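Structure record follows, encoded as structure tokens.
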Amino acid sequence: MCVKVTLKPGSLDRVREWAAELRARPAEVLATLRTEGVLVESVFLDSTDDGDFLIYYIKAASMEIAQRAVRQSEHPINRYHEQFKADTWGVRAPLELLIDFENLD
């Protein structure tokens, strides 16, 4: 799954604070990813003349299972993340997957 998220105006400092917080709590982040069955979670910042956007990429064995686990999560970092999204996220637009290769060798 890959989504382009329009950031609310003036939220860039909060976005950078959120990223720093997650990088400072890797054990918690990885614990939630294991619970959700998420293999990869990457977030990129795209700053353009039209505004700031996040490109959010998640690869999971099952997105349904991952989303259900997020809804049922009791991990404190997930509550932090949900508040971050409420504070900073605007419109979300799914991006079309064109290719996806894995090199498992």
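Ordering of the structure tokens sets the chain letters (A, B, ...), residue numbers begin anew at 1 in every chain, and ligands are numbered from 1 in the order given.
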
Do you know which residues are at most 12 Å from Asp13 in chain A counting only C-alpha atoms, after dropping those on the same chain fewer than 6 positions away, and could you put them as a VMD selection string?
-> chain A and resid 7 19 to 20 52 84 87 to 88

List every residue of range 18-85 of chain A that DSSP, applied to the backbone, labels as alpha helix (DSSP H), and write the result as a ChimeraX atom specification.
-> /A:18-24,26-36,63-72,76-85

Now that the selection is made, can you save its residues with N, CA, C and O atoms as a short mmCIF file (atom, residue, chain, number, x, y, z; two decimals), in the first residue's frame?
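Contents of the output file result14.cif:
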data_model
loop_
_atom_site.label_atom_id
_atom_site.label_comp_id
_atom_site.auth_asym_id
_atom_site.auth_seq_id
_atom_site.Cartn_x
_atom_site.Cartn_y
_atom_site.Cartn_z
N TRP A 18 7.54 14.18 14.97
CA TRP A 18 7.00 12.82 14.95
C TRP A 18 8.05 11.83 14.44
O TRP A 18 8.26 10.78 15.05
N ALA A 19 8.72 12.17 13.34
CA ALA A 19 9.74 11.27 12.78
C ALA A 19 10.88 11.07 13.78
O ALA A 19 11.36 9.94 13.96
N ALA A 20 11.30 12.13 14.44
CA ALA A 20 12.38 12.01 15.43
C ALA A 20 11.93 11.14 16.60
O ALA A 20 12.70 10.32 17.12
N GLU A 21 10.68 11.29 17.02
CA GLU A 21 10.15 10.49 18.13
C GLU A 21 10.14 9.00 17.76
O GLU A 21 10.55 8.16 18.57
N LEU A 22 9.70 8.68 16.57
CA LEU A 22 9.69 7.27 16.15
C LEU A 22 11.10 6.71 16.05
O LEU A 22 11.35 5.57 16.46
N ARG A 23 12.02 7.51 15.52
CA ARG A 23 13.42 7.04 15.44
C ARG A 23 14.02 6.84 16.83
O ARG A 23 14.88 5.99 17.02
N ALA A 24 13.54 7.58 17.83
CA ALA A 24 14.05 7.45 19.20
C ALA A 24 13.42 6.26 19.93
O ALA A 24 13.91 5.88 21.00
N PRO A 26 12.73 2.89 18.54
CA PRO A 26 12.69 1.82 17.55
C PRO A 26 12.15 0.50 18.08
O PRO A 26 11.47 -0.23 17.34
N ALA A 27 12.42 0.15 19.32
CA ALA A 27 11.92 -1.12 19.86
C ALA A 27 10.39 -1.15 19.85
O ALA A 27 9.79 -2.17 19.49
N GLU A 28 9.77 -0.04 20.23
CA GLU A 28 8.31 0.04 20.23
C GLU A 28 7.74 -0.01 18.81
O GLU A 28 6.74 -0.68 18.55
N VAL A 29 8.39 0.71 17.91
CA VAL A 29 7.94 0.72 16.51
C VAL A 29 8.01 -0.70 15.95
O VAL A 29 7.05 -1.18 15.34
N LEU A 30 9.13 -1.37 16.15
CA LEU A 30 9.28 -2.72 15.61
C LEU A 30 8.31 -3.70 16.25
O LEU A 30 7.81 -4.61 15.59
N ALA A 31 8.02 -3.52 17.54
CA ALA A 31 7.04 -4.39 18.20
C ALA A 31 5.67 -4.24 17.55
O ALA A 31 4.96 -5.23 17.33
N THR A 32 5.27 -3.02 17.23
CA THR A 32 3.97 -2.82 16.59
C THR A 32 3.97 -3.40 15.18
O THR A 32 2.99 -4.01 14.76
N LEU A 33 5.07 -3.24 14.46
CA LEU A 33 5.14 -3.81 13.11
C LEU A 33 5.00 -5.33 13.16
O LEU A 33 4.31 -5.93 12.32
N ARG A 34 5.65 -5.97 14.13
CA ARG A 34 5.53 -7.43 14.27
C ARG A 34 4.08 -7.82 14.56
O ARG A 34 3.55 -8.75 13.96
N THR A 35 3.44 -7.10 15.48
CA THR A 35 2.04 -7.39 15.82
C THR A 35 1.14 -7.25 14.60
O THR A 35 0.21 -8.03 14.42
N GLU A 36 1.43 -6.27 13.77
CA GLU A 36 0.60 -5.98 12.59
C GLU A 36 0.95 -6.85 11.38
O GLU A 36 0.22 -6.84 10.39
N MET A 63 -2.88 -6.65 4.44
CA MET A 63 -3.25 -5.32 4.89
C MET A 63 -4.49 -5.37 5.79
O MET A 63 -4.62 -4.57 6.71
N GLU A 64 -5.38 -6.32 5.55
CA GLU A 64 -6.56 -6.45 6.41
C GLU A 64 -6.15 -6.79 7.84
O GLU A 64 -6.65 -6.19 8.79
N ILE A 65 -5.25 -7.74 7.98
CA ILE A 65 -4.77 -8.13 9.31
C ILE A 65 -4.03 -6.97 9.96
O ILE A 65 -4.21 -6.67 11.14
N ALA A 66 -3.20 -6.27 9.19
CA ALA A 66 -2.44 -5.14 9.72
C ALA A 66 -3.37 -4.05 10.21
O ALA A 66 -3.20 -3.51 11.31
N GLN A 67 -4.38 -3.71 9.42
CA GLN A 67 -5.31 -2.65 9.81
C GLN A 67 -6.14 -3.05 11.03
O GLN A 67 -6.41 -2.22 11.91
N ARG A 68 -6.54 -4.30 11.11
CA ARG A 68 -7.28 -4.78 12.27
C ARG A 68 -6.40 -4.70 13.52
O ARG A 68 -6.84 -4.26 14.59
N ALA A 69 -5.12 -5.09 13.39
CA ALA A 69 -4.19 -5.02 14.53
C ALA A 69 -3.99 -3.59 15.00
O ALA A 69 -3.91 -3.33 16.21
N VAL A 70 -3.93 -2.64 14.07
CA VAL A 70 -3.79 -1.23 14.44
C VAL A 70 -5.02 -0.78 15.24
O VAL A 70 -4.89 -0.12 16.27
N ARG A 71 -6.21 -1.14 14.78
CA ARG A 71 -7.44 -0.73 15.48
C ARG A 71 -7.51 -1.31 16.89
O ARG A 71 -8.06 -0.69 17.79
N GLN A 72 -6.94 -2.50 17.08
CA GLN A 72 -7.02 -3.18 18.38
C GLN A 72 -5.78 -2.93 19.24
O GLN A 72 -5.72 -3.38 20.38
N PRO A 76 1.38 2.15 23.28
CA PRO A 76 1.35 3.61 23.43
C PRO A 76 1.81 4.36 22.18
O PRO A 76 1.27 5.42 21.86
N ILE A 77 2.77 3.79 21.46
CA ILE A 77 3.27 4.50 20.28
C ILE A 77 2.21 4.57 19.19
O ILE A 77 2.19 5.51 18.40
N ASN A 78 1.31 3.60 19.15
CA ASN A 78 0.23 3.66 18.16
C ASN A 78 -0.74 4.79 18.49
O ASN A 78 -1.23 5.48 17.58
N ARG A 79 -1.01 5.02 19.76
CA ARG A 79 -1.87 6.16 20.14
C ARG A 79 -1.20 7.48 19.76
O ARG A 79 -1.84 8.41 19.28
N TYR A 80 0.11 7.54 19.99
CA TYR A 80 0.88 8.73 19.60
C TYR A 80 0.76 8.96 18.09
O TYR A 80 0.54 10.08 17.63
N HIS A 81 0.91 7.89 17.32
CA HIS A 81 0.85 7.97 15.86
C HIS A 81 -0.54 8.40 15.39
O HIS A 81 -0.67 9.23 14.48
N GLU A 82 -1.59 7.85 15.99
CA GLU A 82 -2.95 8.23 15.61
C GLU A 82 -3.22 9.70 15.89
O GLU A 82 -3.86 10.38 15.10
N GLN A 83 -2.71 10.21 17.01
CA GLN A 83 -2.87 11.64 17.33
C GLN A 83 -2.11 12.50 16.32
O GLN A 83 -2.60 13.54 15.87
N PHE A 84 -0.91 12.04 15.94
CA PHE A 84 -0.12 12.74 14.93
C PHE A 84 -0.91 12.85 13.63
O PHE A 84 -0.98 13.92 13.01
N LYS A 85 -1.52 11.76 13.20
CA LYS A 85 -2.29 11.78 11.96
C LYS A 85 -3.46 12.76 12.06
O LYS A 85 -3.71 13.52 11.12
#

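One finds CA of Pro94 in chain A at 20.4 Å from CA of Pro9 in chain A.
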
Using only C-alpha atoms, the residue out of A:Arg25, A:Lys8, A:Lys59, A:Arg14 with shortest distance to Asp100 in chain A is A:Lys59

Identify all residues of chain A in strand (DSSP E or B) (DSSP on the backbone) and supply them as a ChimeraX atom specification.
-> /A:2-7,38-48,51-60,89-94

Output N, CA and C atoms of each residue in that selection to a file, as an mmCIF file, in the first residue's frame.
data_model
loop_
_atom_site.group_PDB
_atom_site.id
_atom_site.type_symbol
_atom_site.label_atom_id
_atom_site.label_comp_id
_atom_site.auth_asym_id
_atom_site.auth_seq_id
_atom_site.Cartn_x
_atom_site.Cartn_y
_atom_site.Cartn_z
ATOM 1 N N CYS A 2 0.545 2.182 -0.832
ATOM 2 C CA CYS A 2 1.257 3.449 -0.864
ATOM 3 C C CYS A 2 0.217 4.555 -0.987
ATOM 4 N N VAL A 3 0.380 5.565 -0.125
ATOM 5 C CA VAL A 3 -0.587 6.656 -0.066
ATOM 6 C C VAL A 3 0.162 7.981 -0.073
ATOM 7 N N LYS A 4 -0.391 8.938 -0.803
ATOM 8 C CA LYS A 4 0.123 10.307 -0.761
ATOM 9 C C LYS A 4 -0.784 11.101 0.168
ATOM 10 N N VAL A 5 -0.188 11.640 1.229
ATOM 11 C CA VAL A 5 -0.939 12.350 2.259
ATOM 12 C C VAL A 5 -0.628 13.837 2.165
ATOM 13 N N THR A 6 -1.653 14.638 1.961
ATOM 14 C CA THR A 6 -1.492 16.087 1.997
ATOM 15 C C THR A 6 -1.383 16.496 3.459
ATOM 16 N N LEU A 7 -0.324 17.233 3.789
ATOM 17 C CA LEU A 7 -0.152 17.706 5.157
ATOM 18 C C LEU A 7 -0.892 19.017 5.357
ATOM 19 N N VAL A 38 3.534 -6.282 9.545
ATOM 20 C CA VAL A 38 4.091 -5.355 8.558
ATOM 21 C C VAL A 38 5.564 -5.685 8.338
ATOM 22 N N LEU A 39 5.943 -5.827 7.082
ATOM 23 C CA LEU A 39 7.310 -6.154 6.713
ATOM 24 C C LEU A 39 8.148 -4.900 6.491
ATOM 25 N N VAL A 40 7.532 -3.873 5.895
ATOM 26 C CA VAL A 40 8.224 -2.619 5.587
ATOM 27 C C VAL A 40 7.256 -1.466 5.829
ATOM 28 N N GLU A 41 7.755 -0.427 6.478
ATOM 29 C CA GLU A 41 7.003 0.820 6.596
ATOM 30 C C GLU A 41 7.996 1.945 6.354
ATOM 31 N N SER A 42 7.773 2.694 5.287
ATOM 32 C CA SER A 42 8.648 3.799 4.920
ATOM 33 C C SER A 42 7.801 5.033 4.668
ATOM 34 N N VAL A 43 8.322 6.182 5.107
ATOM 35 C CA VAL A 43 7.610 7.434 4.910
ATOM 36 C C VAL A 43 8.596 8.449 4.342
ATOM 37 N N PHE A 44 8.188 9.095 3.267
ATOM 38 C CA PHE A 44 9.021 10.090 2.595
ATOM 39 C C PHE A 44 8.306 11.434 2.626
ATOM 40 N N LEU A 45 9.074 12.500 2.743
ATOM 41 C CA LEU A 45 8.531 13.852 2.694
ATOM 42 C C LEU A 45 8.723 14.404 1.296
ATOM 43 N N ASP A 46 7.657 14.935 0.720
ATOM 44 C CA ASP A 46 7.683 15.551 -0.604
ATOM 45 C C ASP A 46 7.235 17.002 -0.431
ATOM 46 N N SER A 47 8.180 17.938 -0.474
ATOM 47 C CA SER A 47 7.862 19.360 -0.350
ATOM 48 C C SER A 47 7.890 19.987 -1.734
ATOM 49 N N THR A 48 6.761 20.553 -2.142
ATOM 50 C CA THR A 48 6.641 21.143 -3.468
ATOM 51 C C THR A 48 6.047 22.541 -3.347
ATOM 52 N N GLY A 51 2.660 22.459 -1.750
ATOM 53 C CA GLY A 51 2.511 22.102 -0.345
ATOM 54 C C GLY A 51 3.424 20.955 0.043
ATOM 55 N N ASP A 52 3.214 20.464 1.255
ATOM 56 C CA ASP A 52 4.008 19.357 1.780
ATOM 57 C C ASP A 52 3.146 18.101 1.812
ATOM 58 N N PHE A 53 3.794 16.987 1.465
ATOM 59 C CA PHE A 53 3.098 15.712 1.369
ATOM 60 C C PHE A 53 3.959 14.621 1.997
ATOM 61 N N LEU A 54 3.310 13.602 2.522
ATOM 62 C CA LEU A 54 4.000 12.388 2.912
ATOM 63 C C LEU A 54 3.673 11.328 1.886
ATOM 64 N N ILE A 55 4.686 10.571 1.502
ATOM 65 C CA ILE A 55 4.479 9.373 0.688
ATOM 66 C C ILE A 55 4.670 8.219 1.659
ATOM 67 N N TYR A 56 3.621 7.503 1.929
ATOM 68 C CA TYR A 56 3.577 6.492 2.981
ATOM 69 C C TYR A 56 3.481 5.117 2.332
ATOM 70 N N TYR A 57 4.518 4.297 2.507
ATOM 71 C CA TYR A 57 4.581 2.963 1.892
ATOM 72 C C TYR A 57 4.595 1.899 2.979
ATOM 73 N N ILE A 58 3.678 0.963 2.883
ATOM 74 C CA ILE A 58 3.610 -0.160 3.824
ATOM 75 C C ILE A 58 3.475 -1.449 3.034
ATOM 76 N N LYS A 59 4.293 -2.423 3.419
ATOM 77 C CA LYS A 59 4.191 -3.756 2.830
ATOM 78 C C LYS A 59 3.919 -4.728 3.966
ATOM 79 N N ALA A 60 2.836 -5.472 3.832
ATOM 80 C CA ALA A 60 2.438 -6.425 4.870
ATOM 81 C C ALA A 60 1.973 -7.713 4.210
ATOM 82 N N TRP A 89 -2.533 15.294 9.163
ATOM 83 C CA TRP A 89 -2.931 14.742 7.873
ATOM 84 C C TRP A 89 -4.172 15.420 7.316
ATOM 85 N N GLY A 90 -4.100 15.711 6.018
ATOM 86 C CA GLY A 90 -5.261 16.183 5.288
ATOM 87 C C GLY A 90 -5.766 15.069 4.392
ATOM 88 N N VAL A 91 -5.922 15.380 3.131
ATOM 89 C CA VAL A 91 -6.442 14.437 2.143
ATOM 90 C C VAL A 91 -5.425 13.315 1.902
ATOM 91 N N ARG A 92 -5.937 12.101 1.774
ATOM 92 C CA ARG A 92 -5.110 10.931 1.441
ATOM 93 C C ARG A 92 -5.522 10.403 0.082
ATOM 94 N N ALA A 93 -4.536 10.098 -0.743
ATOM 95 C CA ALA A 93 -4.815 9.552 -2.068
ATOM 96 C C ALA A 93 -3.965 8.315 -2.296
ATOM 97 N N PRO A 94 -4.602 7.156 -2.540
ATOM 98 C CA PRO A 94 -3.816 5.959 -2.818
ATOM 99 C C PRO A 94 -3.042 6.123 -4.122
#
